[in-house]
Amino acid sequence: MIDVKEKWSAVSSDMGLGLTAVNGLNLSVRNCWHFYTAGDSVDIMFHNEDEFKDGMNRIPVVAEKCDILILAFVLMDTHVHFILYGDMDSCTHFMHEYVRRTSIYLSSRYHKRNALKNIIVGHQKIDDDRYLKTAICYVLKNPVSAGLPYNPWDYPWSSGALYFRRTGYW
């Protein structure tokens, strides 16, 4: 595994963090991806609060195993969204491993083999800072867009609070 200073140096360079932002000019971004599952490809991924908690706990375990960074995420009852930083193979592996582990959990809990066998996984490359910000906003606003009674920073199954809460809250 890469050490944290090396990883941050790569992130800083790939995301243009050392460059001065200029109004109207998009900065190039490398190694960022929006991965998601289609909400209409399965009936349900998370049935209740305990399953959402298990889904949340699965995220850092799989992310560390795949050596990627998660920039934003949301878990919905029928689908998930992740904004990921890492090479394409590692991010693809993260997404498939997350879905695989979720399927195993559901299969063992509900005695249904291959619970997420038909789930559709998609991805989009993020190549500039504007699209990165737009994708993060899209992910964090997903519960609100679905009509759930939450602000993006209050939905418990997302990274929204990490973006909007004051320092020290998380």
# chains A, B, ... in the order shown; residues from 1 in each chain; ligands from 1
>>> residues_around(residues="Trp153 (chain A)", least_positions_apart="5", cutoff="9 Å", atoms="only C-alpha atoms", output="PDB file with C-alpha atoms, in the first residue's frame")
ATOM      1  CA  LEU A 140     -25.465  14.577  -1.877  1.00  0.00           C
ATOM      2  CA  SER A 158     -24.319   9.865   3.059  1.00  0.00           C
ATOM      3  CA  SER A 159     -21.195  11.976   3.310  1.00  0.00           C
ATOM      4  CA  GLY A 160     -23.256  15.191   3.289  1.00  0.00           C
ATOM      5  CA  ALA A 161     -22.498  16.064   6.893  1.00  0.00           C
ATOM      6  CA  LEU A 162     -18.774  15.895   6.145  1.00  0.00           C
ATOM      7  CA  TYR A 163     -19.192  18.677   3.589  1.00  0.00           C
ATOM      8  CA  PHE A 164     -21.641  20.946   5.403  1.00  0.00           C
ATOM      9  CA  ARG A 165     -21.263  20.571   9.155  1.00  0.00           C
TER      10      ARG A 165
END
>>> atom_distance(atom1="CA of Leu132 (chain A)", atom2="CA of Leu75 (chain A)")
18.9 Å
>>> atom_distance(atom1="CA of Ile136 (chain A)", atom2="CA of Glu51 (chain A)")
23.8 Å
>>> select_by_dssp(residues="region 4-169 of chain A", states="strand (DSSP E or B)", output="PyMOL selection string")
chain A and resi 28-37+69-75+80-85+121-128+158
>>> closest_atom_pairs(of="region 42-82 of chain A", to="region 117-129 of chain A", cutoff="10 Å", atoms="only C-alpha atoms", output="JSON lines")
{"residue": "A:Val42", "atom": "CA", "partner": "A:Ile119", "partner_atom": "CA", "distance": 5.8}
{"residue": "A:Asp43", "atom": "CA", "partner": "A:Ile119", "partner_atom": "CA", "distance": 9.5}
{"residue": "A:Met45", "atom": "CA", "partner": "A:Ile119", "partner_atom": "CA", "distance": 9.6}
{"residue": "A:Thr78", "atom": "CA", "partner": "A:Ile119", "partner_atom": "CA", "distance": 9.7}
{"residue": "A:His79", "atom": "CA", "partner": "A:Ile119", "partner_atom": "CA", "distance": 8.9}
{"residue": "A:Val80", "atom": "CA", "partner": "A:Val121", "partner_atom": "CA", "distance": 9.5}
{"residue": "A:His81", "atom": "CA", "partner": "A:His123", "partner_atom": "CA", "distance": 9.5}
{"residue": "A:Phe82", "atom": "CA", "partner": "A:His123", "partner_atom": "CA", "distance": 9.3}
>>> write_last_selection(atoms="C-alpha atoms", output="PDB file, in the first residue's frame")
ATOM      1  CA  VAL A  42     -33.389  -4.273  -7.921  1.00  0.00           C
ATOM      2  CA  ASP A  43     -36.350  -4.046  -5.557  1.00  0.00           C
ATOM      3  CA  MET A  45     -30.726  -3.002  -1.229  1.00  0.00           C
ATOM      4  CA  THR A  78     -32.619   0.801  -3.947  1.00  0.00           C
ATOM      5  CA  HIS A  79     -29.271   2.164  -5.137  1.00  0.00           C
ATOM      6  CA  VAL A  80     -25.935   3.750  -4.216  1.00  0.00           C
ATOM      7  CA  HIS A  81     -23.698   6.520  -5.580  1.00  0.00           C
ATOM      8  CA  PHE A  82     -19.967   6.965  -4.987  1.00  0.00           C
TER       9      PHE A  82
END
>>> residues_around(residues="Asp87 (chain A)", least_positions_apart="2", cutoff="10 Å", atoms="only C-alpha atoms", output="PyMOL selection string")
chain A and resi 30-33+67-68+84-85+89-92
>>> write_last_selection(atoms="all heavy atoms", output="tab-separated table (two decimals), in the first residue's frame")
chain	number	residue	atom	x	y	z
A	30	ARG	N	-7.96	14.29	-12.91
A	30	ARG	CA	-7.67	12.91	-13.33
A	30	ARG	C	-8.05	11.94	-12.21
A	30	ARG	O	-8.03	12.28	-11.04
A	30	ARG	CB	-6.18	12.76	-13.64
A	30	ARG	CG	-5.73	13.51	-14.88
A	30	ARG	CD	-4.28	13.19	-15.23
A	30	ARG	NE	-3.35	13.39	-14.14
A	30	ARG	CZ	-2.62	14.50	-13.94
A	30	ARG	NH1	-2.74	15.50	-14.77
A	30	ARG	NH2	-1.80	14.58	-12.93
A	31	ASN	N	-8.35	10.73	-12.61
A	31	ASN	CA	-8.60	9.62	-11.68
A	31	ASN	C	-9.80	9.83	-10.76
A	31	ASN	O	-9.81	9.35	-9.63
A	31	ASN	CB	-7.35	9.31	-10.85
A	31	ASN	CG	-6.24	8.76	-11.70
A	31	ASN	OD1	-6.49	7.94	-12.58
A	31	ASN	ND2	-5.02	9.20	-11.46
A	32	CYS	N	-10.82	10.53	-11.25
A	32	CYS	CA	-12.07	10.68	-10.49
A	32	CYS	C	-13.21	10.07	-11.29
A	32	CYS	O	-13.27	10.20	-12.51
A	32	CYS	CB	-12.36	12.15	-10.22
A	32	CYS	SG	-11.32	12.87	-8.96
A	33	TRP	N	-14.11	9.41	-10.57
A	33	TRP	CA	-15.18	8.65	-11.20
A	33	TRP	C	-16.47	8.76	-10.39
A	33	TRP	O	-16.43	8.82	-9.17
A	33	TRP	CB	-14.80	7.17	-11.28
A	33	TRP	CG	-13.44	6.96	-11.83
A	33	TRP	CD1	-12.27	6.91	-11.13
A	33	TRP	CD2	-13.09	6.80	-13.20
A	33	TRP	NE1	-11.21	6.72	-11.99
A	33	TRP	CE2	-11.69	6.65	-13.27
A	33	TRP	CE3	-13.83	6.77	-14.38
A	33	TRP	CZ2	-11.02	6.46	-14.46
A	33	TRP	CZ3	-13.16	6.58	-15.57
A	33	TRP	CH2	-11.77	6.43	-15.61
A	67	ASP	N	-7.66	0.44	-2.08
A	67	ASP	CA	-6.72	1.56	-2.12
A	67	ASP	C	-7.25	2.72	-2.97
A	67	ASP	O	-6.59	3.21	-3.88
A	67	ASP	CB	-5.35	1.10	-2.63
A	67	ASP	CG	-4.25	2.10	-2.30
A	67	ASP	OD1	-4.40	2.83	-1.30
A	67	ASP	OD2	-3.27	2.18	-3.06
A	68	ILE	N	-8.49	3.13	-2.66
A	68	ILE	CA	-9.10	4.27	-3.33
A	68	ILE	C	-9.55	5.26	-2.26
A	68	ILE	O	-9.60	4.93	-1.08
A	68	ILE	CB	-10.29	3.86	-4.22
A	68	ILE	CG1	-11.34	3.07	-3.42
A	68	ILE	CG2	-9.84	3.00	-5.38
A	68	ILE	CD1	-12.58	3.82	-3.17
A	84	LEU	N	-15.48	8.60	-6.56
A	84	LEU	CA	-14.25	7.91	-6.17
A	84	LEU	C	-13.02	8.54	-6.80
A	84	LEU	O	-13.08	9.05	-7.92
A	84	LEU	CB	-14.33	6.44	-6.59
A	84	LEU	CG	-15.53	5.64	-6.09
A	84	LEU	CD1	-15.51	4.24	-6.69
A	84	LEU	CD2	-15.55	5.58	-4.57
A	85	TYR	N	-11.92	8.45	-6.08
A	85	TYR	CA	-10.62	8.85	-6.61
A	85	TYR	C	-9.73	7.61	-6.61
A	85	TYR	O	-9.57	6.95	-5.58
A	85	TYR	CB	-9.96	9.94	-5.77
A	85	TYR	CG	-8.53	10.17	-6.17
A	85	TYR	CD1	-8.23	10.97	-7.26
A	85	TYR	CD2	-7.49	9.52	-5.52
A	85	TYR	CE1	-6.92	11.12	-7.68
A	85	TYR	CE2	-6.18	9.68	-5.92
A	85	TYR	CZ	-5.90	10.48	-7.01
A	85	TYR	OH	-4.60	10.63	-7.42
A	89	ASP	N	-9.29	0.67	-12.64
A	89	ASP	CA	-9.38	-0.72	-12.18
A	89	ASP	C	-9.69	-0.81	-10.70
A	89	ASP	O	-10.53	-1.61	-10.28
A	89	ASP	CB	-8.10	-1.49	-12.50
A	89	ASP	CG	-7.91	-1.73	-13.99
A	89	ASP	OD1	-8.91	-1.65	-14.75
A	89	ASP	OD2	-6.77	-2.01	-14.40
A	90	SER	N	-9.03	0.01	-9.89
A	90	SER	CA	-9.25	-0.01	-8.44
A	90	SER	C	-10.66	0.45	-8.09
A	90	SER	O	-11.31	-0.13	-7.21
A	90	SER	CB	-8.22	0.87	-7.73
A	90	SER	OG	-6.93	0.37	-7.92
A	91	CYS	N	-11.14	1.48	-8.77
A	91	CYS	CA	-12.49	1.98	-8.50
A	91	CYS	C	-13.56	0.98	-8.94
A	91	CYS	O	-14.55	0.77	-8.24
A	91	CYS	CB	-12.69	3.34	-9.17
A	91	CYS	SG	-11.68	4.65	-8.44
A	92	THR	N	-13.34	0.34	-10.08
A	92	THR	CA	-14.26	-0.71	-10.54
A	92	THR	C	-14.28	-1.86	-9.54
A	92	THR	O	-15.35	-2.38	-9.19
A	92	THR	CB	-13.84	-1.22	-11.94
A	92	THR	OG1	-13.86	-0.12	-12.84
A	92	THR	CG2	-14.75	-2.31	-12.43
>>> select_by_dssp(residues="region 10-104 of chain A", states="helix (DSSP H, G or I)", output="PyMOL selection string")
chain A and resi 10-14+49-66+88-104
>>> closest_residue(among="A:Thr134, A:Asn57, A:Thr37, A:Ser28", to="His96 (chain A)", atoms="only C-alpha atoms")
A:Thr37
>>> atom_distance(atom1="CA of Ala63 (chain A)", atom2="CA of Asn48 (chain A)")
23.1 Å
>>> closest_residue(among="A:Ala135, A:Met95, A:Ala72, A:Cys66", to="Phe35 (chain A)", atoms="only C-alpha atoms")
A:Met95
>>> residues_around(residues="Pro143 (chain A)", least_positions_apart="2", cutoff="10 Å", atoms="only C-alpha atoms", output="CSV table (one decimal) with N, CA, C and O atoms, in the first residue's frame")
chain,number,residue,atom,x,y,z
A,74,VAL,N,-23.7,8.3,-1.2
A,74,VAL,CA,-25.0,8.2,-0.6
A,74,VAL,C,-25.5,6.8,-0.8
A,74,VAL,O,-25.3,6.2,-1.9
A,75,LEU,N,-26.1,6.3,0.2
A,75,LEU,CA,-26.8,5.0,0.2
A,75,LEU,C,-28.3,5.3,0.2
A,75,LEU,O,-28.8,5.9,1.1
A,76,MET,N,-29.0,4.8,-0.8
A,76,MET,CA,-30.5,4.9,-0.9
A,76,MET,C,-31.0,3.5,-0.7
A,76,MET,O,-30.3,2.5,-0.8
A,77,ASP,N,-32.3,3.3,-0.5
A,77,ASP,CA,-32.9,2.0,-0.3
A,77,ASP,C,-32.7,1.1,-1.5
A,77,ASP,O,-32.5,-0.1,-1.4
A,138,TYR,N,-24.8,16.4,-7.0
A,138,TYR,CA,-25.8,15.4,-7.4
A,138,TYR,C,-26.0,14.3,-6.4
A,138,TYR,O,-27.1,13.9,-6.0
A,139,VAL,N,-24.9,13.7,-6.0
A,139,VAL,CA,-24.9,12.6,-5.1
A,139,VAL,C,-25.5,13.0,-3.7
A,139,VAL,O,-26.3,12.3,-3.2
A,140,LEU,N,-25.0,14.1,-3.2
A,140,LEU,CA,-25.5,14.6,-1.9
A,140,LEU,C,-26.9,15.0,-1.9
A,140,LEU,O,-27.6,14.9,-0.8
A,141,LYS,N,-27.4,15.5,-3.0
A,141,LYS,CA,-28.8,15.9,-3.1
A,141,LYS,C,-29.8,14.8,-3.5
A,141,LYS,O,-31.0,15.0,-3.5
A,145,SER,N,-33.9,14.9,-3.8
A,145,SER,CA,-34.5,14.7,-5.1
A,145,SER,C,-35.5,13.5,-5.1
A,145,SER,O,-36.5,13.5,-5.8
A,146,ALA,N,-35.3,12.5,-4.2
A,146,ALA,CA,-36.2,11.4,-4.1
A,146,ALA,C,-37.4,11.7,-3.2
A,146,ALA,O,-38.2,10.8,-3.0
A,147,GLY,N,-37.4,12.9,-2.7
A,147,GLY,CA,-38.6,13.3,-1.8
A,147,GLY,C,-38.4,13.0,-0.4
A,147,GLY,O,-39.4,13.1,0.4
A,148,LEU,N,-37.3,12.5,0.1
A,148,LEU,CA,-37.1,12.2,1.5
A,148,LEU,C,-37.0,13.5,2.3
A,148,LEU,O,-36.4,14.5,1.8
A,149,PRO,N,-37.5,13.5,3.5
A,149,PRO,CA,-37.6,14.8,4.3
A,149,PRO,C,-36.3,15.1,5.0
A,149,PRO,O,-36.2,15.2,6.2
A,150,TYR,N,-35.2,15.3,4.2
A,150,TYR,CA,-33.9,15.6,4.8
A,150,TYR,C,-33.2,16.7,4.0
A,150,TYR,O,-33.5,16.9,2.8
A,151,ASN,N,-32.4,17.4,4.7
A,151,ASN,CA,-31.4,18.3,4.0
A,151,ASN,C,-30.2,17.4,3.7
A,151,ASN,O,-30.0,16.4,4.3
A,152,PRO,N,-29.5,17.8,2.6
A,152,PRO,CA,-28.3,17.0,2.3
A,152,PRO,C,-27.4,16.7,3.4
A,152,PRO,O,-26.7,15.7,3.4
A,154,ASP,N,-28.2,16.4,6.6
A,154,ASP,CA,-28.8,15.6,7.6
A,154,ASP,C,-29.1,14.2,7.3
A,154,ASP,O,-29.4,13.4,8.2
A,155,TYR,N,-29.1,13.8,6.0
A,155,TYR,CA,-29.4,12.4,5.6
A,155,TYR,C,-28.3,11.5,6.2
A,155,TYR,O,-27.1,11.7,6.0
A,157,TRP,N,-27.2,8.5,5.8
A,157,TRP,CA,-26.5,7.5,5.0
A,157,TRP,C,-25.8,8.1,3.8
A,157,TRP,O,-25.7,7.5,2.7
A,158,SER,N,-25.1,9.2,4.1
A,158,SER,CA,-24.3,9.9,3.1
A,158,SER,C,-23.2,10.6,3.7
A,158,SER,O,-23.1,10.7,4.9
>>> closest_residue(among="A:Val144, A:Leu116, A:Cys137, A:Leu69", to="Ser41 (chain A)", atoms="only C-alpha atoms")
A:Leu116
>>> closest_residue(among="A:His93, A:Ile104, A:Glu64, A:Gly86", to="Val29 (chain A)", atoms="only C-alpha atoms")
A:Gly86
>>> decode(residues="region 134-147 of chain A", atoms="all heavy atoms", output="short mmCIF file (atom, residue, chain, number, x, y, z; two decimals), in the first residue's frame")
data_model
loop_
_atom_site.label_atom_id
_atom_site.label_comp_id
_atom_site.auth_asym_id
_atom_site.auth_seq_id
_atom_site.Cartn_x
_atom_site.Cartn_y
_atom_site.Cartn_z
N THR A 134 -20.24 19.28 -9.59
CA THR A 134 -21.61 18.96 -9.98
C THR A 134 -21.97 17.53 -9.57
O THR A 134 -23.06 17.28 -9.05
CB THR A 134 -21.79 19.12 -11.51
OG1 THR A 134 -21.48 20.47 -11.85
CG2 THR A 134 -23.20 18.80 -11.95
N ALA A 135 -21.05 16.59 -9.78
CA ALA A 135 -21.30 15.19 -9.42
C ALA A 135 -21.45 15.03 -7.90
O ALA A 135 -22.33 14.30 -7.43
CB ALA A 135 -20.18 14.29 -9.95
N ILE A 136 -20.59 15.71 -7.15
CA ILE A 136 -20.70 15.64 -5.69
C ILE A 136 -22.05 16.20 -5.23
O ILE A 136 -22.74 15.59 -4.41
CB ILE A 136 -19.52 16.38 -5.01
CG1 ILE A 136 -18.23 15.58 -5.21
CG2 ILE A 136 -19.79 16.60 -3.52
CD1 ILE A 136 -16.96 16.30 -4.79
N CYS A 137 -22.46 17.34 -5.79
CA CYS A 137 -23.77 17.92 -5.44
C CYS A 137 -24.90 16.97 -5.80
O CYS A 137 -25.84 16.79 -5.02
CB CYS A 137 -23.96 19.26 -6.14
SG CYS A 137 -22.95 20.59 -5.44
N TYR A 138 -24.82 16.36 -6.98
CA TYR A 138 -25.85 15.42 -7.41
C TYR A 138 -25.98 14.27 -6.41
O TYR A 138 -27.09 13.90 -6.01
CB TYR A 138 -25.51 14.88 -8.80
CG TYR A 138 -26.46 13.81 -9.26
CD1 TYR A 138 -27.69 14.14 -9.83
CD2 TYR A 138 -26.15 12.46 -9.11
CE1 TYR A 138 -28.58 13.16 -10.25
CE2 TYR A 138 -27.03 11.47 -9.51
CZ TYR A 138 -28.24 11.82 -10.08
OH TYR A 138 -29.12 10.84 -10.47
N VAL A 139 -24.86 13.73 -6.00
CA VAL A 139 -24.87 12.60 -5.07
C VAL A 139 -25.46 13.02 -3.72
O VAL A 139 -26.33 12.34 -3.17
CB VAL A 139 -23.44 12.02 -4.90
CG1 VAL A 139 -23.35 11.08 -3.71
CG2 VAL A 139 -23.02 11.30 -6.18
N LEU A 140 -25.01 14.15 -3.20
CA LEU A 140 -25.47 14.58 -1.88
C LEU A 140 -26.93 15.02 -1.87
O LEU A 140 -27.60 14.92 -0.85
CB LEU A 140 -24.57 15.69 -1.34
CG LEU A 140 -23.10 15.29 -1.14
CD1 LEU A 140 -22.30 16.47 -0.59
CD2 LEU A 140 -22.96 14.07 -0.25
N LYS A 141 -27.45 15.49 -3.02
CA LYS A 141 -28.84 15.92 -3.10
C LYS A 141 -29.78 14.77 -3.46
O LYS A 141 -30.99 14.96 -3.52
CB LYS A 141 -28.98 17.04 -4.14
CG LYS A 141 -28.43 18.36 -3.67
CD LYS A 141 -28.48 19.43 -4.74
CE LYS A 141 -29.84 19.56 -5.35
NZ LYS A 141 -29.90 20.57 -6.41
N ASN A 142 -29.26 13.57 -3.67
CA ASN A 142 -30.08 12.44 -4.09
C ASN A 142 -31.27 12.17 -3.16
O ASN A 142 -32.38 11.97 -3.65
CB ASN A 142 -29.19 11.20 -4.26
CG ASN A 142 -29.72 10.28 -5.31
OD1 ASN A 142 -30.42 9.33 -4.98
ND2 ASN A 142 -29.39 10.55 -6.56
N PRO A 143 -31.09 12.17 -1.83
CA PRO A 143 -32.24 11.92 -0.95
C PRO A 143 -33.32 13.00 -1.08
O PRO A 143 -34.51 12.69 -1.07
CB PRO A 143 -31.63 11.94 0.46
CG PRO A 143 -30.18 11.66 0.25
CD PRO A 143 -29.84 12.24 -1.08
N VAL A 144 -32.90 14.25 -1.23
CA VAL A 144 -33.86 15.35 -1.38
C VAL A 144 -34.62 15.19 -2.70
O VAL A 144 -35.85 15.33 -2.74
CB VAL A 144 -33.13 16.72 -1.34
CG1 VAL A 144 -34.09 17.87 -1.59
CG2 VAL A 144 -32.40 16.89 -0.02
N SER A 145 -33.90 14.85 -3.76
CA SER A 145 -34.52 14.65 -5.07
C SER A 145 -35.51 13.49 -5.05
O SER A 145 -36.48 13.48 -5.81
CB SER A 145 -33.46 14.40 -6.14
OG SER A 145 -32.62 15.52 -6.27
N ALA A 146 -35.26 12.52 -4.19
CA ALA A 146 -36.16 11.36 -4.06
C ALA A 146 -37.37 11.67 -3.19
O ALA A 146 -38.22 10.82 -2.98
CB ALA A 146 -35.39 10.17 -3.50
N GLY A 147 -37.42 12.89 -2.66
CA GLY A 147 -38.56 13.30 -1.84
C GLY A 147 -38.45 12.95 -0.37
O GLY A 147 -39.42 13.06 0.37
#
